[in-house]
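Engineer: Next up, run-v4.pdb (PDB, C-alpha atoms and all ligand atoms).
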```
MODEL        1
ATOM      1  CA  MET A 187      -6.066   8.837  14.548  1.00  0.00           C
ATOM      2  CA  SER A 188      -6.898   5.170  14.010  1.00  0.00           C
ATOM      3  CA  PRO A 189      -4.450   3.190  11.872  1.00  0.00           C
ATOM      4  CA  ILE A 190      -5.102   2.220   8.274  1.00  0.00           C
ATOM      5  CA  PHE A 191      -4.803  -1.381   7.033  1.00  0.00           C
ATOM      6  CA  ILE A 192      -4.152  -2.003   3.347  1.00  0.00           C
ATOM      7  CA  ALA A 193      -4.796  -5.556   2.143  1.00  0.00           C
ATOM      8  CA  ASN A 194      -2.835  -6.339  -1.025  1.00  0.00           C
ATOM      9  CA  TRP A 195      -4.298  -9.502  -2.533  1.00  0.00           C
ATOM     10  CA  LYS A 196      -1.773  -9.488  -5.402  1.00  0.00           C
ATOM     11  CA  MET A 197      -2.549 -12.173  -8.049  1.00  0.00           C
ATOM     12  CA  ASN A 198      -4.595 -14.510  -5.857  1.00  0.00           C
ATOM     13  CA  PHE A 199      -8.088 -16.074  -5.895  1.00  0.00           C
ATOM     14  CA  LEU A 200     -10.356 -17.192  -8.706  1.00  0.00           C
ATOM     15  CA  PHE A 201     -13.468 -15.027  -8.935  1.00  0.00           C
ATOM     16  CA  ASP A 202     -15.725 -17.232  -6.749  1.00  0.00           C
ATOM     17  CA  ASP A 203     -13.121 -17.522  -4.005  1.00  0.00           C
ATOM     18  CA  ALA A 204     -12.493 -13.777  -4.117  1.00  0.00           C
ATOM     19  CA  LEU A 205     -16.218 -13.196  -3.640  1.00  0.00           C
ATOM     20  CA  LYS A 206     -16.460 -15.618  -0.730  1.00  0.00           C
ATOM     21  CA  THR A 207     -13.453 -13.978   0.900  1.00  0.00           C
ATOM     22  CA  ILE A 208     -14.689 -10.416   0.499  1.00  0.00           C
ATOM     23  CA  GLN A 209     -18.107 -11.418   1.778  1.00  0.00           C
ATOM     24  CA  GLU A 210     -16.551 -12.952   4.892  1.00  0.00           C
ATOM     25  CA  ILE A 211     -14.314  -9.920   5.436  1.00  0.00           C
ATOM     26  CA  TYR A 212     -17.309  -7.612   5.028  1.00  0.00           C
ATOM     27  CA  THR A 213     -19.432  -9.564   7.507  1.00  0.00           C
ATOM     28  CA  LEU A 214     -16.688  -9.916  10.131  1.00  0.00           C
ATOM     29  CA  LEU A 215     -15.546  -6.310   9.987  1.00  0.00           C
ATOM     30  CA  LYS A 216     -19.023  -4.817   9.823  1.00  0.00           C
ATOM     31  CA  THR A 217     -20.071  -6.726  12.943  1.00  0.00           C
ATOM     32  CA  GLN A 218     -16.982  -5.400  14.736  1.00  0.00           C
ATOM     33  CA  ASN A 219     -17.383  -1.863  13.390  1.00  0.00           C
ATOM     34  CA  GLU A 220     -13.937  -1.959  11.819  1.00  0.00           C
ATOM     35  CA  LEU A 221     -14.746  -1.551   8.123  1.00  0.00           C
ATOM     36  CA  ASP A 222     -13.547   2.013   7.762  1.00  0.00           C
ATOM     37  CA  LYS A 223      -9.967   1.082   8.759  1.00  0.00           C
ATOM     38  CA  LEU A 224      -9.552  -1.272   5.793  1.00  0.00           C
ATOM     39  CA  VAL A 225      -8.548  -0.732   2.159  1.00  0.00           C
ATOM     40  CA  ILE A 226      -8.626  -3.831  -0.074  1.00  0.00           C
ATOM     41  CA  ALA A 227      -6.611  -4.109  -3.281  1.00  0.00           C
ATOM     42  CA  PRO A 228      -8.210  -7.018  -5.176  1.00  0.00           C
ATOM     43  CA  PRO A 229      -7.146  -8.221  -8.629  1.00  0.00           C
ATOM     44  CA  LEU A 230      -8.317  -5.497 -11.003  1.00  0.00           C
ATOM     45  CA  ALA A 231     -10.660  -7.790 -12.949  1.00  0.00           C
ATOM     46  CA  TYR A 232     -12.814  -8.191  -9.822  1.00  0.00           C
ATOM     47  CA  LEU A 233     -12.733  -4.562  -8.676  1.00  0.00           C
ATOM     48  CA  SER A 234     -15.925  -3.124 -10.119  1.00  0.00           C
ATOM     49  CA  TYR A 235     -17.978  -6.155  -9.130  1.00  0.00           C
ATOM     50  CA  MET A 236     -16.774  -5.715  -5.554  1.00  0.00           C
ATOM     51  CA  THR A 237     -17.220  -1.953  -5.406  1.00  0.00           C
ATOM     52  CA  ASP A 238     -20.758  -2.476  -6.640  1.00  0.00           C
ATOM     53  CA  LYS A 239     -21.625  -5.266  -4.218  1.00  0.00           C
ATOM     54  CA  TYR A 240     -19.819  -3.908  -1.136  1.00  0.00           C
ATOM     55  CA  PRO A 241     -19.576  -0.135  -1.584  1.00  0.00           C
ATOM     56  CA  GLN A 242     -19.022   0.208   2.171  1.00  0.00           C
ATOM     57  CA  ILE A 243     -15.465  -1.135   1.743  1.00  0.00           C
ATOM     58  CA  ASN A 244     -12.552   1.086   0.618  1.00  0.00           C
ATOM     59  CA  TYR A 245     -10.708  -0.203  -2.434  1.00  0.00           C
ATOM     60  CA  ALA A 246      -7.303   0.240  -4.048  1.00  0.00           C
ATOM     61  CA  ALA A 247      -5.945  -0.711  -7.452  1.00  0.00           C
ATOM     62  CA  GLN A 248      -2.674  -2.665  -7.287  1.00  0.00           C
ATOM     63  CA  ASP A 249      -1.180  -0.384  -9.947  1.00  0.00           C
ATOM     64  CA  ILE A 250      -2.314   2.148 -12.560  1.00  0.00           C
ATOM     65  CA  SER A 251      -1.160   3.222 -15.996  1.00  0.00           C
ATOM     66  CA  LEU A 252       1.521   5.800 -16.565  1.00  0.00           C
ATOM     67  CA  ASN A 253      -0.845   7.436 -19.046  1.00  0.00           C
ATOM     68  CA  LYS A 254      -3.633   9.605 -17.779  1.00  0.00           C
ATOM     69  CA  GLU A 255      -5.713  10.249 -20.903  1.00  0.00           C
ATOM     70  CA  PHE A 256      -7.734   7.691 -22.906  1.00  0.00           C
ATOM     71  CA  GLY A 257      -5.900   6.239 -25.854  1.00  0.00           C
ATOM     72  CA  ALA A 258      -4.260   3.319 -27.569  1.00  0.00           C
ATOM     73  CA  TYR A 259      -2.684   1.795 -24.463  1.00  0.00           C
ATOM     74  CA  THR A 260      -3.848  -1.826 -24.673  1.00  0.00           C
ATOM     75  CA  ALA A 261      -4.416  -3.445 -21.249  1.00  0.00           C
ATOM     76  CA  GLU A 262      -3.711  -0.220 -19.349  1.00  0.00           C
ATOM     77  CA  ILE A 263      -6.082   1.305 -16.776  1.00  0.00           C
ATOM     78  CA  SER A 264      -5.761   4.950 -15.765  1.00  0.00           C
ATOM     79  CA  ALA A 265      -6.214   6.557 -12.357  1.00  0.00           C
ATOM     80  CA  LYS A 266      -9.431   8.217 -13.585  1.00  0.00           C
ATOM     81  CA  MET A 267     -10.777   4.829 -14.686  1.00  0.00           C
ATOM     82  CA  ILE A 268     -10.143   3.113 -11.361  1.00  0.00           C
ATOM     83  CA  LYS A 269     -11.722   6.088  -9.602  1.00  0.00           C
ATOM     84  CA  SER A 270     -14.810   5.761 -11.822  1.00  0.00           C
ATOM     85  CA  ALA A 271     -14.956   2.038 -10.936  1.00  0.00           C
ATOM     86  CA  GLY A 272     -15.097   2.903  -7.221  1.00  0.00           C
ATOM     87  CA  ALA A 273     -11.492   2.761  -5.966  1.00  0.00           C
ATOM     88  CA  ASN A 274     -10.171   5.717  -3.994  1.00  0.00           C
ATOM     89  CA  TYR A 275      -6.612   4.429  -3.533  1.00  0.00           C
ATOM     90  CA  ALA A 276      -3.875   2.959  -5.747  1.00  0.00           C
ATOM     91  CA  ILE A 277      -0.726   1.078  -4.769  1.00  0.00           C
ATOM     92  CA  ILE A 278       2.146   2.517  -6.792  1.00  0.00           C
ATOM     93  CA  GLY A 279       5.720   1.280  -7.116  1.00  0.00           C
ATOM     94  CA  HIS A 280       5.318  -1.998  -5.231  1.00  0.00           C
ATOM     95  CA  SER A 281       8.617  -3.894  -5.312  1.00  0.00           C
ATOM     96  CA  ASP A 282       6.913  -6.648  -7.371  1.00  0.00           C
ATOM     97  CA  ARG A 283       6.432  -3.984 -10.070  1.00  0.00           C
ATOM     98  CA  ARG A 284       9.827  -2.343  -9.575  1.00  0.00           C
ATOM     99  CA  LEU A 285      11.646  -5.710  -9.732  1.00  0.00           C
ATOM    100  CA  HIS A 286       9.706  -7.634 -12.356  1.00  0.00           C
ATOM    101  CA  HIS A 287       8.168  -4.917 -14.531  1.00  0.00           C
ATOM    102  CA  ASN A 288      10.943  -2.345 -14.715  1.00  0.00           C
ATOM    103  CA  GLU A 289       8.976   0.242 -12.784  1.00  0.00           C
ATOM    104  CA  THR A 290      11.275   3.220 -12.209  1.00  0.00           C
ATOM    105  CA  SER A 291      10.941   5.819  -9.474  1.00  0.00           C
ATOM    106  CA  ASN A 292      10.318   8.407 -12.183  1.00  0.00           C
ATOM    107  CA  ASN A 293       7.319   6.360 -13.392  1.00  0.00           C
ATOM    108  CA  VAL A 294       6.107   6.059  -9.817  1.00  0.00           C
ATOM    109  CA  ARG A 295       6.198   9.840  -9.444  1.00  0.00           C
ATOM    110  CA  ILE A 296       4.187  10.376 -12.633  1.00  0.00           C
ATOM    111  CA  LYS A 297       1.644   7.742 -11.575  1.00  0.00           C
ATOM    112  CA  ALA A 298       1.328   9.392  -8.148  1.00  0.00           C
ATOM    113  CA  GLU A 299       0.713  12.769  -9.812  1.00  0.00           C
ATOM    114  CA  ASN A 300      -1.948  11.163 -12.042  1.00  0.00           C
ATOM    115  CA  CYS A 301      -3.610   9.707  -8.945  1.00  0.00           C
ATOM    116  CA  ILE A 302      -3.750  13.051  -7.169  1.00  0.00           C
ATOM    117  CA  GLU A 303      -5.196  14.736 -10.242  1.00  0.00           C
ATOM    118  CA  ALA A 304      -7.882  12.012 -10.437  1.00  0.00           C
ATOM    119  CA  GLY A 305      -8.750  12.212  -6.723  1.00  0.00           C
ATOM    120  CA  VAL A 306      -7.135   8.857  -5.928  1.00  0.00           C
ATOM    121  CA  ILE A 307      -4.828   8.497  -2.905  1.00  0.00           C
ATOM    122  CA  PRO A 308      -1.492   7.009  -4.044  1.00  0.00           C
ATOM    123  CA  ILE A 309       0.160   4.470  -1.734  1.00  0.00           C
ATOM    124  CA  ILE A 310       3.778   4.944  -2.782  1.00  0.00           C
ATOM    125  CA  CYS A 311       5.933   1.919  -1.940  1.00  0.00           C
ATOM    126  CA  VAL A 312       9.634   2.165  -1.176  1.00  0.00           C
ATOM    127  CA  GLY A 313      12.087  -0.260   0.417  1.00  0.00           C
ATOM    128  CA  GLU A 314      15.603  -1.533   0.142  1.00  0.00           C
ATOM    129  CA  PRO A 315      16.929  -4.914  -1.046  1.00  0.00           C
ATOM    130  CA  LEU A 316      18.877  -7.084   1.386  1.00  0.00           C
ATOM    131  CA  GLU A 317      22.323  -6.214  -0.035  1.00  0.00           C
ATOM    132  CA  SER A 318      21.675  -2.571   0.525  1.00  0.00           C
ATOM    133  CA  ARG A 319      20.892  -3.151   4.218  1.00  0.00           C
ATOM    134  CA  GLN A 320      23.880  -5.469   4.624  1.00  0.00           C
ATOM    135  CA  GLN A 321      26.107  -2.750   3.191  1.00  0.00           C
ATOM    136  CA  LYS A 322      24.452  -0.197   5.516  1.00  0.00           C
ATOM    137  CA  GLN A 323      23.231   1.726   2.483  1.00  0.00           C
ATOM    138  CA  HIS A 324      19.531   1.318   3.315  1.00  0.00           C
ATOM    139  CA  LEU A 325      18.940   4.873   4.530  1.00  0.00           C
ATOM    140  CA  ALA A 326      20.520   6.358   1.420  1.00  0.00           C
ATOM    141  CA  PHE A 327      18.671   3.873  -0.798  1.00  0.00           C
ATOM    142  CA  VAL A 328      15.242   4.708   0.612  1.00  0.00           C
ATOM    143  CA  SER A 329      15.971   8.461   0.616  1.00  0.00           C
ATOM    144  CA  GLN A 330      16.862   8.299  -3.057  1.00  0.00           C
ATOM    145  CA  GLN A 331      13.663   6.379  -3.856  1.00  0.00           C
ATOM    146  CA  ILE A 332      11.627   8.966  -1.974  1.00  0.00           C
ATOM    147  CA  LYS A 333      13.305  11.889  -3.749  1.00  0.00           C
ATOM    148  CA  GLU A 334      12.619  10.355  -7.153  1.00  0.00           C
ATOM    149  CA  SER A 335       9.175   8.812  -6.508  1.00  0.00           C
ATOM    150  CA  PHE A 336       7.495  11.579  -4.578  1.00  0.00           C
ATOM    151  CA  PRO A 337       5.118  13.731  -6.643  1.00  0.00           C
ATOM    152  CA  LYS A 338       5.469  17.473  -7.011  1.00  0.00           C
ATOM    153  CA  ILE A 339       2.570  18.715  -4.920  1.00  0.00           C
ATOM    154  CA  SER A 340       1.576  21.491  -2.574  1.00  0.00           C
ATOM    155  CA  ALA A 341       1.792  20.900   1.183  1.00  0.00           C
ATOM    156  CA  SER A 342      -2.016  20.836   1.355  1.00  0.00           C
ATOM    157  CA  SER A 343      -2.179  17.747  -0.912  1.00  0.00           C
ATOM    158  CA  ALA A 344       0.300  15.895   1.284  1.00  0.00           C
ATOM    159  CA  SER A 345      -2.465  14.469   3.470  1.00  0.00           C
ATOM    160  CA  GLN A 346      -3.696  12.756   0.275  1.00  0.00           C
ATOM    161  CA  ILE A 347      -0.572  10.589   0.042  1.00  0.00           C
ATOM    162  CA  ILE A 348       0.455   7.411   1.845  1.00  0.00           C
ATOM    163  CA  ILE A 349       4.014   6.115   1.808  1.00  0.00           C
ATOM    164  CA  ALA A 350       4.537   2.392   2.437  1.00  0.00           C
ATOM    165  CA  TYR A 351       7.942   1.276   3.707  1.00  0.00           C
ATOM    166  CA  GLU A 352       8.361  -2.325   2.554  1.00  0.00           C
ATOM    167  CA  PRO A 353      11.908  -3.673   2.825  1.00  0.00           C
ATOM    168  CA  ILE A 354      12.164  -6.177  -0.030  1.00  0.00           C
ATOM    169  CA  TRP A 355      13.858  -8.778   2.175  1.00  0.00           C
ATOM    170  CA  ALA A 356      10.899  -8.713   4.592  1.00  0.00           C
ATOM    171  CA  ILE A 357       8.203  -9.366   1.974  1.00  0.00           C
ATOM    172  CA  GLY A 358       6.842 -12.913   2.139  1.00  0.00           C
ATOM    173  CA  SER A 359       9.859 -14.019   4.183  1.00  0.00           C
ATOM    174  CA  ASN A 360       8.580 -14.140   7.769  1.00  0.00           C
ATOM    175  CA  THR A 361      11.472 -11.876   8.713  1.00  0.00           C
ATOM    176  CA  ILE A 362      10.734  -8.354   9.834  1.00  0.00           C
ATOM    177  CA  PRO A 363      12.937  -5.435  10.806  1.00  0.00           C
ATOM    178  CA  THR A 364      13.067  -4.463  14.482  1.00  0.00           C
ATOM    179  CA  THR A 365      10.893  -1.559  15.530  1.00  0.00           C
ATOM    180  CA  THR A 366      14.100   0.460  16.013  1.00  0.00           C
ATOM    181  CA  GLU A 367      15.006  -0.209  12.383  1.00  0.00           C
ATOM    182  CA  ILE A 368      11.523   0.743  11.180  1.00  0.00           C
ATOM    183  CA  ALA A 369      11.561   3.927  13.274  1.00  0.00           C
ATOM    184  CA  GLU A 370      14.979   4.845  11.826  1.00  0.00           C
ATOM    185  CA  ILE A 371      13.601   4.570   8.278  1.00  0.00           C
ATOM    186  CA  ALA A 372      10.436   6.479   9.231  1.00  0.00           C
ATOM    187  CA  ARG A 373      12.623   9.361  10.467  1.00  0.00           C
ATOM    188  CA  GLN A 374      14.754   9.201   7.354  1.00  0.00           C
ATOM    189  CA  ILE A 375      11.708   9.385   5.082  1.00  0.00           C
ATOM    190  CA  LYS A 376      10.269  12.347   6.968  1.00  0.00           C
ATOM    191  CA  ASP A 377      13.654  14.114   6.983  1.00  0.00           C
ATOM    192  CA  THR A 378      13.966  13.561   3.235  1.00  0.00           C
ATOM    193  CA  LEU A 379      10.522  15.024   2.714  1.00  0.00           C
ATOM    194  CA  ASP A 380      11.044  17.927   5.093  1.00  0.00           C
ATOM    195  CA  ALA A 381      12.887  19.781   2.390  1.00  0.00           C
ATOM    196  CA  SER A 382       9.650  19.953   0.417  1.00  0.00           C
ATOM    197  CA  MET A 383       7.745  21.032   3.575  1.00  0.00           C
ATOM    198  CA  VAL A 384       5.232  18.224   3.388  1.00  0.00           C
ATOM    199  CA  ALA A 385       6.566  15.731   5.931  1.00  0.00           C
ATOM    200  CA  LYS A 386       4.153  16.630   8.669  1.00  0.00           C
ATOM    201  CA  ASN A 387       1.044  15.597   6.736  1.00  0.00           C
ATOM    202  CA  ILE A 388       2.262  12.322   5.286  1.00  0.00           C
ATOM    203  CA  SER A 389       0.980   8.946   6.507  1.00  0.00           C
ATOM    204  CA  LEU A 390       3.587   6.244   6.656  1.00  0.00           C
ATOM    205  CA  VAL A 391       2.688   2.547   6.791  1.00  0.00           C
ATOM    206  CA  TYR A 392       4.858  -0.555   7.139  1.00  0.00           C
ATOM    207  CA  GLY A 393       4.596  -3.696   4.977  1.00  0.00           C
ATOM    208  CA  GLY A 394       6.447  -7.018   4.839  1.00  0.00           C
ATOM    209  CA  SER A 395       5.470 -10.264   6.654  1.00  0.00           C
ATOM    210  CA  VAL A 396       2.858  -8.545   8.833  1.00  0.00           C
ATOM    211  CA  ASN A 397       0.675 -10.989  10.778  1.00  0.00           C
ATOM    212  CA  SER A 398      -1.490 -11.081  13.897  1.00  0.00           C
ATOM    213  CA  SER A 399       1.526 -11.876  16.117  1.00  0.00           C
ATOM    214  CA  ASN A 400       3.721  -8.960  15.091  1.00  0.00           C
ATOM    215  CA  CYS A 401       1.192  -6.260  14.121  1.00  0.00           C
ATOM    216  CA  GLN A 402       0.751  -4.687  17.541  1.00  0.00           C
ATOM    217  CA  GLU A 403       4.438  -4.145  18.084  1.00  0.00           C
ATOM    218  CA  ILE A 404       4.947  -2.692  14.603  1.00  0.00           C
ATOM    219  CA  LEU A 405       2.064  -0.284  15.102  1.00  0.00           C
ATOM    220  CA  LYS A 406       3.642   1.062  18.297  1.00  0.00           C
ATOM    221  CA  THR A 407       6.643   2.230  16.235  1.00  0.00           C
ATOM    222  CA  GLU A 408       7.031   5.970  16.168  1.00  0.00           C
ATOM    223  CA  GLY A 409       6.053   7.419  12.803  1.00  0.00           C
ATOM    224  CA  ILE A 410       4.032   4.375  11.633  1.00  0.00           C
ATOM    225  CA  SER A 411       0.290   4.842  11.201  1.00  0.00           C
ATOM    226  CA  GLY A 412      -0.781   1.680   9.418  1.00  0.00           C
ATOM    227  CA  LEU A 413       0.132  -1.627   7.803  1.00  0.00           C
ATOM    228  CA  LEU A 414       0.297  -3.009   4.261  1.00  0.00           C
ATOM    229  CA  ILE A 415      -0.563  -6.681   4.475  1.00  0.00           C
ATOM    230  CA  GLY A 416       0.038  -9.317   1.792  1.00  0.00           C
ATOM    231  CA  SER A 417      -0.457 -13.028   2.431  1.00  0.00           C
ATOM    232  CA  ALA A 418      -2.078 -12.581   5.875  1.00  0.00           C
ATOM    233  CA  ALA A 419      -4.814 -10.512   4.189  1.00  0.00           C
ATOM    234  CA  LEU A 420      -5.990 -13.523   2.179  1.00  0.00           C
ATOM    235  CA  ASN A 421      -7.435 -15.011   5.363  1.00  0.00           C
ATOM    236  CA  PRO A 422     -10.432 -13.035   6.722  1.00  0.00           C
ATOM    237  CA  ARG A 423      -9.992 -14.152  10.357  1.00  0.00           C
ATOM    238  CA  GLU A 424      -6.284 -13.368  10.356  1.00  0.00           C
ATOM    239  CA  LEU A 425      -7.037  -9.976   8.813  1.00  0.00           C
ATOM    240  CA  LEU A 426      -9.647  -9.295  11.491  1.00  0.00           C
ATOM    241  CA  SER A 427      -7.156 -10.277  14.235  1.00  0.00           C
ATOM    242  CA  ILE A 428      -4.623  -7.834  12.795  1.00  0.00           C
ATOM    243  CA  ILE A 429      -7.161  -5.017  12.690  1.00  0.00           C
ATOM    244  CA  LYS A 430      -8.601  -5.835  16.142  1.00  0.00           C
ATOM    245  CA  GLY A 431      -5.070  -6.169  17.541  1.00  0.00           C
ATOM    246  CA  SER A 432      -4.503  -2.514  16.807  1.00  0.00           C
TER     247      SER A 432
HETATM  248  P1  LIG B 501       3.541 -10.009   2.743  1.00  0.00           P
HETATM  249  O1  LIG B 501       3.441  -9.021   1.504  1.00  0.00           O
HETATM  250  O2  LIG B 501       2.693  -9.447   3.852  1.00  0.00           O
HETATM  251  O3  LIG B 501       3.032 -11.328   2.226  1.00  0.00           O
HETATM  252  O4  LIG B 501       4.982 -10.073   3.150  1.00  0.00           O
HETATM  253  C1  LIG B 501       3.446  -7.630   1.686  1.00  0.00           C
HETATM  254  C2  LIG B 501       3.461  -6.907   0.356  1.00  0.00           C
HETATM  255  O5  LIG B 501       4.138  -7.360  -0.565  1.00  0.00           O
HETATM  256  O6  LIG B 501       2.791  -5.883   0.174  1.00  0.00           O
ENDMDL
END
```
Mind converting the file's structure to structure tokens?
Structural biologist:
Amino acid sequence: MSPIFIANWKMNFLFDDALKTIQEIYTLLKTQNELDKLVIAPPLAYLSYMTDKYPQINYAAQDISLNKEFGAYTAEISAKMIKSAGANYAIIGHSDRRLHHNETSNNVRIKAENCIEAGVIPIICVGEPLESRQQKQHLAFVSQQIKESFPKISASSASQIIIAYEPIWAIGSNTIPTTTEIAEIARQIKDTLDASMVAKNISLVYGGSVNSSNCQEILKTEGISGLLIGSAALNPRELLSIIKGS
């Protein structure tokens, strides 16, 4: 199966620059026949314009609301709403949200369940802080996050879930774990999930300082079937090199 590449634009680009960038990404990837490997998570305000103009691209929301029904939830957007605006994926529980917006694993689980109900594929992010790795608690830390964040689903829905391992210390730092360390976490995640009999269908991607120089090696890691890319995904040519490098 070919790998999946998730481009998380976070809070970057004014509207015109976002349009120029998506147009360049579309043109480059279409020419190279690589469009179907990519999922772009633009700032939400630009999403429906982009899904309308480039429906050939796959889109993700960077987060969704905890609430699934319409109501008095000012500024919130539900899974159903992002689906109706053309996104088939949603990033859930990114460490930016867990650290700065008090996102708990319990919230992540509810959001993931809302996604599945709405026909949106949740990309559930987990990953340990530096102290936890230094204290050799990283396996336990990630296992606990998985236990608490993973939705209650049947084994058949498991193929509709992506887990992203993003060690917090690797995000935006130009430091990445070794492939042995990534493989160790990949095994741990699958072992944690085995209990619920869904491990075999889950896709696991790595994120944190991915670029065109390290992507090939990371993708060779056992258990890893894609990449979540932050700052390198703001540059269309770098993004193309990462996807072509696979
Ligand atoms: P980075 O971000 O690639 O800039 O490290 C990854 C992420 O936060 O998803």
Engineer: Where does the PyMOL selection byres (((chain A and resi 226-231) around 9) and not hetatm) land in this file, that is, which residues does it pick, as a PyMOL selection string?
Structural biologist: chain A and resi 191-199+201+204+208+224-225+232-236+243-249+268+273+275-277+419
Engineer: Return as an MDAnalysis selection string every polymer residue, whether protein, DNA or RNA, with at least one atom no more than 7 Å from an atom of ligand LIG 501 (chain B); count only C-alpha atoms and all ligand atoms.
Structural biologist: chainID A and resid 194 356:359 393:396 414:418
Engineer: Would you mind listing what lies within 12 Å of Ile410 of chain A as number ranges by chain, with all atoms listed in the file counted and same-chain residues fewer than 3 positions away left out?
Structural biologist: A: 187-191, 348-351, 365-373, 375-376, 388-393, 401-407, 413-414
Engineer: Could you please determine the separation between atom CA of Lys266 of chain A and atom CA of Asn292 of chain A in Å, to one decimal place?
Structural biologist: 19.8 Å
Engineer: I would like the residues chosen by the PyMOL selection byres (((chain A and resi 353) around 6) and not hetatm) on the shown file; could you give them as a ChimeraX atom specification?
Structural biologist: /A:313-314,352,354-356
Engineer: Of the candidates A:Ser318, A:Gln323, A:Thr237, A:Thr207, which one gets nearest to Asn274 of chain A if we count all atoms listed in the file?
Structural biologist: A:Thr237
Engineer: Could you tell me which residues the PyMOL selection byres (((chain A and resi 293) around 12) and not hetatm) returns for this structure, as number ranges by chain?
Structural biologist: A: 249-253, 278-280, 283-284, 287-292, 294-300, 310, 331, 334-337
Engineer: Next, dump the selected residues to file, keeping only C-alpha atoms, as an mmCIF file, in the frame of the given file.
Structural biologist:
```
data_model
loop_
_atom_site.group_PDB
_atom_site.id
_atom_site.type_symbol
_atom_site.label_atom_id
_atom_site.label_comp_id
_atom_site.auth_asym_id
_atom_site.auth_seq_id
_atom_site.Cartn_x
_atom_site.Cartn_y
_atom_site.Cartn_z
ATOM 1 C CA ASP A 249 -1.180 -0.384 -9.947
ATOM 2 C CA ILE A 250 -2.314 2.148 -12.560
ATOM 3 C CA SER A 251 -1.160 3.222 -15.996
ATOM 4 C CA LEU A 252 1.521 5.800 -16.565
ATOM 5 C CA ASN A 253 -0.845 7.436 -19.046
ATOM 6 C CA ILE A 278 2.146 2.517 -6.792
ATOM 7 C CA GLY A 279 5.720 1.280 -7.116
ATOM 8 C CA HIS A 280 5.318 -1.998 -5.231
ATOM 9 C CA ARG A 283 6.432 -3.984 -10.070
ATOM 10 C CA ARG A 284 9.827 -2.343 -9.575
ATOM 11 C CA HIS A 287 8.168 -4.917 -14.531
ATOM 12 C CA ASN A 288 10.943 -2.345 -14.715
ATOM 13 C CA GLU A 289 8.976 0.242 -12.784
ATOM 14 C CA THR A 290 11.275 3.220 -12.209
ATOM 15 C CA SER A 291 10.941 5.819 -9.474
ATOM 16 C CA ASN A 292 10.318 8.407 -12.183
ATOM 17 C CA VAL A 294 6.107 6.059 -9.817
ATOM 18 C CA ARG A 295 6.198 9.840 -9.444
ATOM 19 C CA ILE A 296 4.187 10.376 -12.633
ATOM 20 C CA LYS A 297 1.644 7.742 -11.575
ATOM 21 C CA ALA A 298 1.328 9.392 -8.148
ATOM 22 C CA GLU A 299 0.713 12.769 -9.812
ATOM 23 C CA ASN A 300 -1.948 11.163 -12.042
ATOM 24 C CA ILE A 310 3.778 4.944 -2.782
ATOM 25 C CA GLN A 331 13.663 6.379 -3.856
ATOM 26 C CA GLU A 334 12.619 10.355 -7.153
ATOM 27 C CA SER A 335 9.175 8.812 -6.508
ATOM 28 C CA PHE A 336 7.495 11.579 -4.578
ATOM 29 C CA PRO A 337 5.118 13.731 -6.643
#
```
Engineer: Just give me the gap between atom CA of Met267 of chain A and atom CA of Cys311 of chain A in Å, one decimal is fine.
Structural biologist: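 Taking atom CA of Met267 of chain A and atom CA of Cys311 of chain A, their separation equals 21.2 Å.
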Engineer: Could you check which of A:Gln209, A:Ala258, A:Thr361, A:Asn387 is closest to Gly409 of chain A, using only C-alpha atoms?
Structural biologist: A:Asn387
Engineer: To one decimal in Å, tell me the separation between atom CA of Ala341 of chain A and atom CA of Asp222 of chain A.
Structural biologist: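 Atom CA of Asp222 of chain A lies 25.2 Å from atom CA of Ala341 of chain A.
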Engineer: Please put the answer as lines of an AutoDock Vina configuration file: centre and edge lengths, in Å with one decimal, of a box along x, y and z that encloses all listed atoms of segment 279-286 of chain A plus 6 Å on each side.
Structural biologist:
```
center_x = 8.5
center_y = -3.2
center_z = -8.8
size_x = 18.3
size_y = 20.9
size_z = 19.1
```
Engineer: So which one's closest to Ile362 of chain A, A:Gln330, A:Asn397, A:Thr260, A:Gln320? Using only C-alpha atoms, please.
Structural biologist: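 Of all the options, A:Asn397 lies closest to Ile362 of chain A.
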Engineer: Please provide as a list in words all residues within 8 Å of Leu221 of chain A, with the sequence filter that same-chain residues fewer than 2 positions apart are discarded (counting all atoms listed in the file).
Structural biologist: Tyr212, Leu215, Lys216, Gln218, Asn219, Lys223, Leu224, Gln242 and Ile243 of chain A
Engineer: May I ask which of the residues A:Glu303, A:Glu255, A:Asp380, A:Glu317 is the closest one to Gln346 of chain A, counting all atoms listed in the file?
Structural biologist: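 Going through A:Glu303, A:Glu255, A:Asp380, A:Glu317 one by one, the smallest distance to Gln346 of chain A is for A:Glu303.
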Engineer: With only C-alpha atoms as the atoms that count, which of A:Leu205, A:Leu214, A:Val312, A:Val306 lies nearest to Ser270 of chain A?
Structural biologist: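 Under the stated criterion, the closest residue is A:Val306.
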Engineer: Between A:Leu426, A:Gly257, A:Asn421, A:Gly431, which has the minimum distance to Thr217 of chain A (counting all atoms listed in the file)?
Structural biologist: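 Selected residue with least distance to Thr217 of chain A: A:Leu426.
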